[in-house]
Structures are given as structure tokens and as C-alpha cells.
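Asker: I have a structure I would like to understand better, so I am pasting it below and will then ask my questions one at a time.
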Amino acid sequence: MEAGVRAALETLLPGPIGELNALGGGNIGDSWCADLASGERFFVKHYREGPKGLVDAEARGLDWLSEADALPTAKVVTRSDDNALLVLEWIESAPRSAEFAEMLGRGLAGLHRFGAPGFGFSDPGFIGSLPQANEPCECWADFYAYRRIEPLVRQAMDEGSLPAGLAREASRLLTRFDSLCGPVEEPARLHGDLWGGNVMVGPRGEAVLIDPAVYGGHREIDLAMMRLFGGLPELTFDAYANEFPLAEEAEDRVLFYQLYPLLVHVILFGGGYVDQFAEGLAAYR
């Protein structure tokens, strides 16, 4: 960690740092284990290449999820958006317990059922490093169309990562969202970026949510994203359905609700995600 960043971190922590060990990183940030001289331990994220506002958005999202008291969530200790630093309580990970999958499904049902004030969120956010528009809409179909799909289709086409033909096909699909989005439901409290990598295992083998991209929306989009990249047991989905049953035709909308995370990956990574997005569109011609 650079000396200036470390000095900023020292001002955030409740005591002097004894050891600071790198845990790895990605395209926009690094993570660290900070052991204080007092024996306290913290998880530190430094978004060295992250956009302005990312730290505050992640912290707000974690706090918002924790309000539901449905699933354990990484706890925010302190943060500095100016220094791109987020400090979380340390989670001592253990192997998954025998109840991990079922508890995750039931807990997610509780989180969704806790609800949200509307379709959207009080502040703009991010998914990965991409800005995520959260201005509320009165109905879910409009929110999914014009806060999620349409802006990213336009961005992907402008940046050259999505062929113009696919962009036009996606734009035409927007007119059918009223019928494609499924039955009207109250807004669910969504994690927003729910894949296996954003579900840690806690000290008792329980699921702990990290790295959210929160908003109020249709609960099927969280479930669809969980299926997109794998890594989560099928028993989780069974437990969810037993706790909070889905509409009979929900399975027919999985590809539809995967269009948004696929667009995110088209913009960030390109490659095979373009083909996956095209296959998803083709299912709803």
C-alpha cells in the first residue's frame, strides 16, 4: 500500500496498524488485512482505480441490506470516499455448514420480502465499476427497461462492444417489457449483484453478503443472476421457493432477467458475453 494511502487509513482506524497484509485485488482495487497493535483485525478495500462515489455507494448498500436482518451482511466500520478506502469488520471464514444452502435460500426470501420503498433507490450506485441509475419509476417494467437495459445497450453500442443489430433488437424488446416482466409484485429489497463470489462463508459456516449493488426491484432478477455464474447450491433455490413461492412461469423469465448482468459483462469484458446476450434476446423474439 502506498505511503499516502496508508497514512489516510491510519486516520480511519481506531489505533495504530501493526501489520498490513495484501489479500489480492482486481481491475479497480485491492484488499488488505489490517491487524492493529491492539489485536483488532479489519478488512480494508482500496479502490485505487474506482470511480468517485463507489465507496459511499457500497457502504450505503451494505447498511441498507442489514436493515432487513434477514442475512448476515459485511459490517461497515468506517470509510473515506475521498481516499477510496472502505473498512469492514473482519469475517473469519469457515467451511460451509450443512445448513448453508437452506439458510441462504430462506434468508434471501426474508430479505426480498422485507421490501423497499419503491422501484429504485435513494442514490445512484454502481455495479462493478459501472454507474447504476437508480432514479425511481412507478412500475417495475419501466425501471427495468429504462434504468437497466436501455442505458447499457446505448453505452455498449457507443463503445463498440455490442453490434448495432443486437442493440436494435434489444431496443425493440423494450416495448414488450410490460408483458415480459411477469406478475406485478411489491418492490423487493435486492442485493443487485448476487453471484457466488459475493456470498462469503462466515465463521459458523453461514452465508454472508458482500459487494452489493442495491435497489428495490423484482425479486426474480436476483435469483436469475444467482443462476448465471453458478457456484450456489440448487437447494438454495428450493428453500427460497418453499419460503416465498414464485409465480409458476418464473422459470421462463430467467434468461430475460439475466440480460442486465450480461450487458454489464459485455461492457466490462466483451468476448463471449456478447453471444450469451444474443442468445438471451433470441429467447424472447
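Note on naming: chains are A, B, ... as they come in the C-alpha cells, residues start from 1 per chain, ligands start from 1 in the order shown.
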Show which residues sit within 7 Å of A:Val76, as a PyMOL selection string. Count only C-alpha atoms, and ignore same-chain residues fewer than 4 positions away.
Answerer: chain A and resi 59+87-89
Asker: At a cut-off of 10 Å, using only C-alpha atoms, what residues contact A:Ala98? Leave out same-chain residues fewer than 4 positions from it and give the result as a short mmCIF file (atom, residue, chain, number, x, y, z; two decimals) with C-alpha atoms, in the first residue's frame.
Answerer:
```cif
data_model
loop_
_atom_site.label_atom_id
_atom_site.label_comp_id
_atom_site.auth_asym_id
_atom_site.auth_seq_id
_atom_site.Cartn_x
_atom_site.Cartn_y
_atom_site.Cartn_z
CA GLU A 102 -31.06 -23.80 3.01
CA MET A 103 -30.29 -20.85 5.29
CA GLY A 205 -20.38 -21.77 8.02
CA GLU A 206 -23.21 -19.35 7.28
#
```
Asker: Name all residues at most 10 Å from A:Gly120 (count only C-alpha atoms; drop same-chain ones fewer than 6 positions away) and give them as a short mmCIF file (atom, residue, chain, number, x, y, z; two decimals) with N, CA and C atoms, in the first residue's frame.
Answerer:
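Contents of the output file result.cif:
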```cif
data_model
loop_
_atom_site.label_atom_id
_atom_site.label_comp_id
_atom_site.auth_asym_id
_atom_site.auth_seq_id
_atom_site.Cartn_x
_atom_site.Cartn_y
_atom_site.Cartn_z
N ALA A 133 -27.96 3.55 -12.64
CA ALA A 133 -29.01 4.55 -12.45
C ALA A 133 -30.10 3.99 -11.55
N ASN A 134 -30.48 4.73 -10.52
CA ASN A 134 -31.47 4.24 -9.56
C ASN A 134 -32.67 5.16 -9.39
N GLU A 135 -32.80 6.18 -10.26
CA GLU A 135 -33.95 7.06 -10.13
C GLU A 135 -35.23 6.24 -10.17
N PRO A 136 -36.13 6.42 -9.18
CA PRO A 136 -37.31 5.57 -9.08
C PRO A 136 -38.25 5.68 -10.27
N CYS A 137 -38.94 4.59 -10.55
CA CYS A 137 -40.04 4.55 -11.51
C CYS A 137 -41.27 4.00 -10.79
N GLU A 138 -42.43 4.35 -11.28
CA GLU A 138 -43.65 3.88 -10.63
C GLU A 138 -43.88 2.40 -10.86
N CYS A 139 -43.44 1.88 -11.99
CA CYS A 139 -43.66 0.45 -12.24
C CYS A 139 -42.34 -0.22 -12.60
N TRP A 140 -42.27 -1.51 -12.29
CA TRP A 140 -41.05 -2.27 -12.48
C TRP A 140 -40.68 -2.38 -13.95
N PHE A 143 -38.80 0.60 -14.95
CA PHE A 143 -37.49 0.67 -14.31
C PHE A 143 -36.51 -0.28 -14.99
N TYR A 144 -36.94 -1.52 -15.22
CA TYR A 144 -36.05 -2.50 -15.84
C TYR A 144 -35.68 -2.07 -17.26
N ARG A 147 -33.96 2.08 -16.76
CA ARG A 147 -32.87 2.31 -15.81
C ARG A 147 -31.81 1.21 -15.90
N PRO A 187 -42.11 -3.97 -4.53
CA PRO A 187 -40.66 -3.95 -4.70
C PRO A 187 -39.94 -4.79 -3.64
N ARG A 189 -36.34 -5.96 -1.72
CA ARG A 189 -35.03 -5.39 -1.35
C ARG A 189 -33.97 -6.28 -1.97
N LEU A 190 -33.31 -5.78 -3.01
CA LEU A 190 -32.39 -6.58 -3.80
C LEU A 190 -30.94 -6.34 -3.43
N VAL A 214 -27.35 -2.31 -4.65
CA VAL A 214 -28.72 -2.42 -4.17
C VAL A 214 -29.70 -1.50 -4.90
N TYR A 215 -30.97 -1.93 -4.84
CA TYR A 215 -32.12 -1.12 -5.26
C TYR A 215 -33.38 -1.93 -4.97
N GLY A 216 -34.51 -1.30 -5.08
CA GLY A 216 -35.78 -2.00 -4.99
C GLY A 216 -36.21 -2.45 -6.37
N GLY A 217 -36.57 -3.73 -6.50
CA GLY A 217 -36.93 -4.25 -7.82
C GLY A 217 -37.65 -5.57 -7.73
#
```
Asker: With only C-alpha atoms as the atoms that count, which of A:Gln276, A:Gly4, A:Ala57, A:Tyr284 lies nearest to A:Ser122?
Answerer: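 Smallest distance to A:Ser122 is found for A:Ala57.
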Asker: Please provide the set of residues having any atom within 9 Å of A:Glu186, restricted to only C-alpha atoms, with same-chain residues fewer than 5 positions apart removed, written as a PyMOL selection string.
Answerer: chain A and resi 113+115-116+118-119+217-218
Asker: Those residues with N, CA and C atoms, as a CSV table (one decimal), in the first residue's frame please?
Answerer:
```
chain,number,residue,atom,x,y,z
A,113,ARG,N,-38.6,-10.2,0.9
A,113,ARG,CA,-39.9,-9.9,1.5
A,113,ARG,C,-39.9,-8.6,2.3
A,115,GLY,N,-38.8,-5.9,1.6
A,115,GLY,CA,-39.3,-4.9,0.7
A,115,GLY,C,-38.4,-3.6,0.6
A,116,ALA,N,-38.9,-2.7,-0.2
A,116,ALA,CA,-38.2,-1.5,-0.5
A,116,ALA,C,-39.3,-0.4,-0.7
A,118,GLY,N,-39.7,1.6,-3.1
A,118,GLY,CA,-40.1,1.7,-4.5
A,118,GLY,C,-39.2,1.0,-5.4
A,119,PHE,N,-39.4,1.2,-6.7
A,119,PHE,CA,-38.5,0.6,-7.7
A,119,PHE,C,-37.4,1.6,-7.9
A,217,GLY,N,-36.6,-3.7,-6.5
A,217,GLY,CA,-36.9,-4.2,-7.8
A,217,GLY,C,-37.7,-5.6,-7.7
A,218,HIS,N,-37.8,-6.2,-8.9
A,218,HIS,CA,-38.4,-7.5,-8.9
A,218,HIS,C,-37.5,-8.6,-8.4
```
Asker: Taking the chain letters and numbering used in this document, name the residues of stretch 22-94 of chain A that DSSP puts in strand (DSSP E or B), as JSON, numbers by chain.
Answerer: {"A": [22, 23, 24, 25, 30, 31, 32, 33, 34, 35, 36, 41, 42, 43, 44, 45, 46, 73, 76, 77, 78, 79, 80, 85, 86, 87, 88, 89]}
Asker: Enumerate as JSON, numbers by chain all residues of stretch 102-166 of chain A assigned to helix (DSSP H, G or I) by DSSP on the backbone, naming them with the chain letters and numbers the document uses.
Answerer: {"A": [102, 103, 104, 105, 106, 107, 108, 109, 110, 111, 112, 113, 114, 140, 141, 142, 143, 144, 145, 146, 147, 148, 149, 150, 151, 152, 153, 154, 155, 156, 157, 158, 164, 165, 166]}
Asker: Do a neighbour search on A:Lys45 at 10 Å with only C-alpha atoms, toss out local chain neighbours closer than 2 positions, and write the hits as a list in words.
Answerer: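 Result of the neighbour search: Leu23, Gly25, Gly29, Asp30, Ser31, Trp32, Cys33, Phe42, Phe43, Tyr47, Arg48, Val55, Arg79, Ala84, Leu85, Leu86, Val87 and Leu88 of chain A.
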Asker: So that I can check the surroundings of A:Leu13, please list as a PDB file with N, CA and C atoms, in the first residue's frame every protein, DNA and RNA residue that reaches within 9 Å of it, counting only C-alpha atoms and ignoring chain neighbours fewer than 4 positions away.
Answerer:
```pdb
ATOM      1  N   LEU A   9      -5.427   5.672   5.868  1.00  0.00           N
ATOM      2  CA  LEU A   9      -6.054   4.549   6.569  1.00  0.00           C
ATOM      3  C   LEU A   9      -5.810   4.642   8.071  1.00  0.00           C
ATOM      4  N   ILE A  17      -1.605   0.670  13.139  1.00  0.00           N
ATOM      5  CA  ILE A  17      -1.520  -0.595  12.423  1.00  0.00           C
ATOM      6  C   ILE A  17      -0.258  -1.338  12.838  1.00  0.00           C
ATOM      7  N   LEU A  36      -4.258  -4.430  13.961  1.00  0.00           N
ATOM      8  CA  LEU A  36      -3.837  -3.320  14.793  1.00  0.00           C
ATOM      9  C   LEU A  36      -2.951  -3.806  15.929  1.00  0.00           C
ATOM     10  N   PHE A  42      -9.183  -5.887  10.769  1.00  0.00           N
ATOM     11  CA  PHE A  42     -10.175  -5.305   9.875  1.00  0.00           C
ATOM     12  C   PHE A  42      -9.864  -5.686   8.432  1.00  0.00           C
ATOM     13  N   VAL A  77     -17.293  -0.458   9.085  1.00  0.00           N
ATOM     14  CA  VAL A  77     -16.678   0.167  10.261  1.00  0.00           C
ATOM     15  C   VAL A  77     -16.507   1.661  10.018  1.00  0.00           C
ATOM     16  N   THR A  78     -15.902   2.000   8.909  1.00  0.00           N
ATOM     17  CA  THR A  78     -15.702   3.400   8.546  1.00  0.00           C
ATOM     18  C   THR A  78     -15.324   3.452   7.074  1.00  0.00           C
ATOM     19  N   VAL A  87     -13.504   0.337   5.154  1.00  0.00           N
ATOM     20  CA  VAL A  87     -13.056  -0.561   6.221  1.00  0.00           C
ATOM     21  C   VAL A  87     -14.263  -1.349   6.730  1.00  0.00           C
TER      22      VAL A  87
END
```
Asker: Let me make sure I understand: among A:Ile210, A:Ala141, A:Val44, A:Leu54, which one has the smallest atom-to-atom distance to A:Gly197 if we use only C-alpha atoms?
Answerer: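 Of A:Ile210, A:Ala141, A:Val44, A:Leu54, the one nearest A:Gly197 is A:Ile210, counting only C-alpha atoms.
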Asker: Under the rule of at most 12 Å, produce a per-residue listing of stretch 104-143 of chain A near stretch 226-235 of chain A: chain, number, name, the closest pair of atoms, and the distance in Å, as a tab-separated table, using only C-alpha atoms.
Answerer:
```
residue	atom	partner	partner_atom	distance
A:Leu104	CA	A:Leu235	CA	9.3
A:Gly105	CA	A:Leu235	CA	7.7
A:Arg106	CA	A:Leu235	CA	10.4
A:Leu108	CA	A:Met226	CA	11.3
```
Asker: Write the residues of the preceding selection, restricted to C-alpha atoms, as an mmCIF file, in the first residue's frame.
Answerer:
```cif
data_model
loop_
_atom_site.group_PDB
_atom_site.id
_atom_site.type_symbol
_atom_site.label_atom_id
_atom_site.label_comp_id
_atom_site.auth_asym_id
_atom_site.auth_seq_id
_atom_site.Cartn_x
_atom_site.Cartn_y
_atom_site.Cartn_z
ATOM 1 C CA LEU A 104 -29.185 -18.769 2.302
ATOM 2 C CA GLY A 105 -32.440 -19.515 0.473
ATOM 3 C CA ARG A 106 -34.639 -18.744 3.460
ATOM 4 C CA LEU A 108 -32.803 -14.299 0.796
#
```
Asker: What is the distance between atom CA of A:Ala34 and atom CA of A:Asn83, in Å to one decimal?
Answerer: 16.4 Å
Asker: State, in Å with one decimal place, the distance from atom CA of A:Ala213 to atom CA of A:Arg253.
Answerer: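 Between these atoms lies a distance of 21.0 Å.
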Asker: What separation in Å, quoted to one decimal, exists between atom CA of A:Val274 and atom CA of A:Asp252?
Answerer: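 Between atom CA of A:Val274 and atom CA of A:Asp252 the gap works out to 20.9 Å.
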Asker: Report as JSON lines: every residue of stretch 75-173 of chain A with an atom at most 8 Å from stretch 64-69 of chain A, its closest pair of atoms, and their distance in Å to one decimal, counting only C-alpha atoms, with rows sorted by chain and ascending residue number.
Answerer:
```
{"residue": "A:Gly110", "atom": "CA", "partner": "A:Ala68", "partner_atom": "CA", "distance": 7.6}
{"residue": "A:Leu111", "atom": "CA", "partner": "A:Ala68", "partner_atom": "CA", "distance": 5.8}
{"residue": "A:Phe114", "atom": "CA", "partner": "A:Ala68", "partner_atom": "CA", "distance": 5.9}
```
Asker: Keeping only N, CA and C atoms, write the selected residues to a file as a PDB file, in the first residue's frame.
Answerer:
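Okay, this is what ended up in out24.pdb:
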```
ATOM      1  N   GLY A 110     -36.390 -13.776   3.021  1.00  0.00           N
ATOM      2  CA  GLY A 110     -36.693 -12.762   4.027  1.00  0.00           C
ATOM      3  C   GLY A 110     -36.237 -11.381   3.608  1.00  0.00           C
ATOM      4  N   LEU A 111     -35.049 -11.298   2.998  1.00  0.00           N
ATOM      5  CA  LEU A 111     -34.550 -10.015   2.510  1.00  0.00           C
ATOM      6  C   LEU A 111     -35.481  -9.436   1.462  1.00  0.00           C
ATOM      7  N   PHE A 114     -38.792  -8.286   2.916  1.00  0.00           N
ATOM      8  CA  PHE A 114     -38.697  -7.073   3.725  1.00  0.00           C
ATOM      9  C   PHE A 114     -39.072  -5.842   2.908  1.00  0.00           C
TER      10      PHE A 114
END
```
Asker: Calculated over only C-alpha atoms, which of the candidates A:Leu130, A:Val254, A:Ile149, A:Leu162 has the smallest distance to A:Asp193?
Answerer: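 Looking at the shortest contact to A:Asp193, the residue is A:Leu130.
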Asker: Which residue gives the smallest distance to A:Asp63 among A:Phe126, A:Asp211, A:Met1, A:Pro245, with only C-alpha atoms counted?
Answerer: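 Among A:Phe126, A:Asp211, A:Met1, A:Pro245, it is A:Asp211 that comes nearest to A:Asp63.
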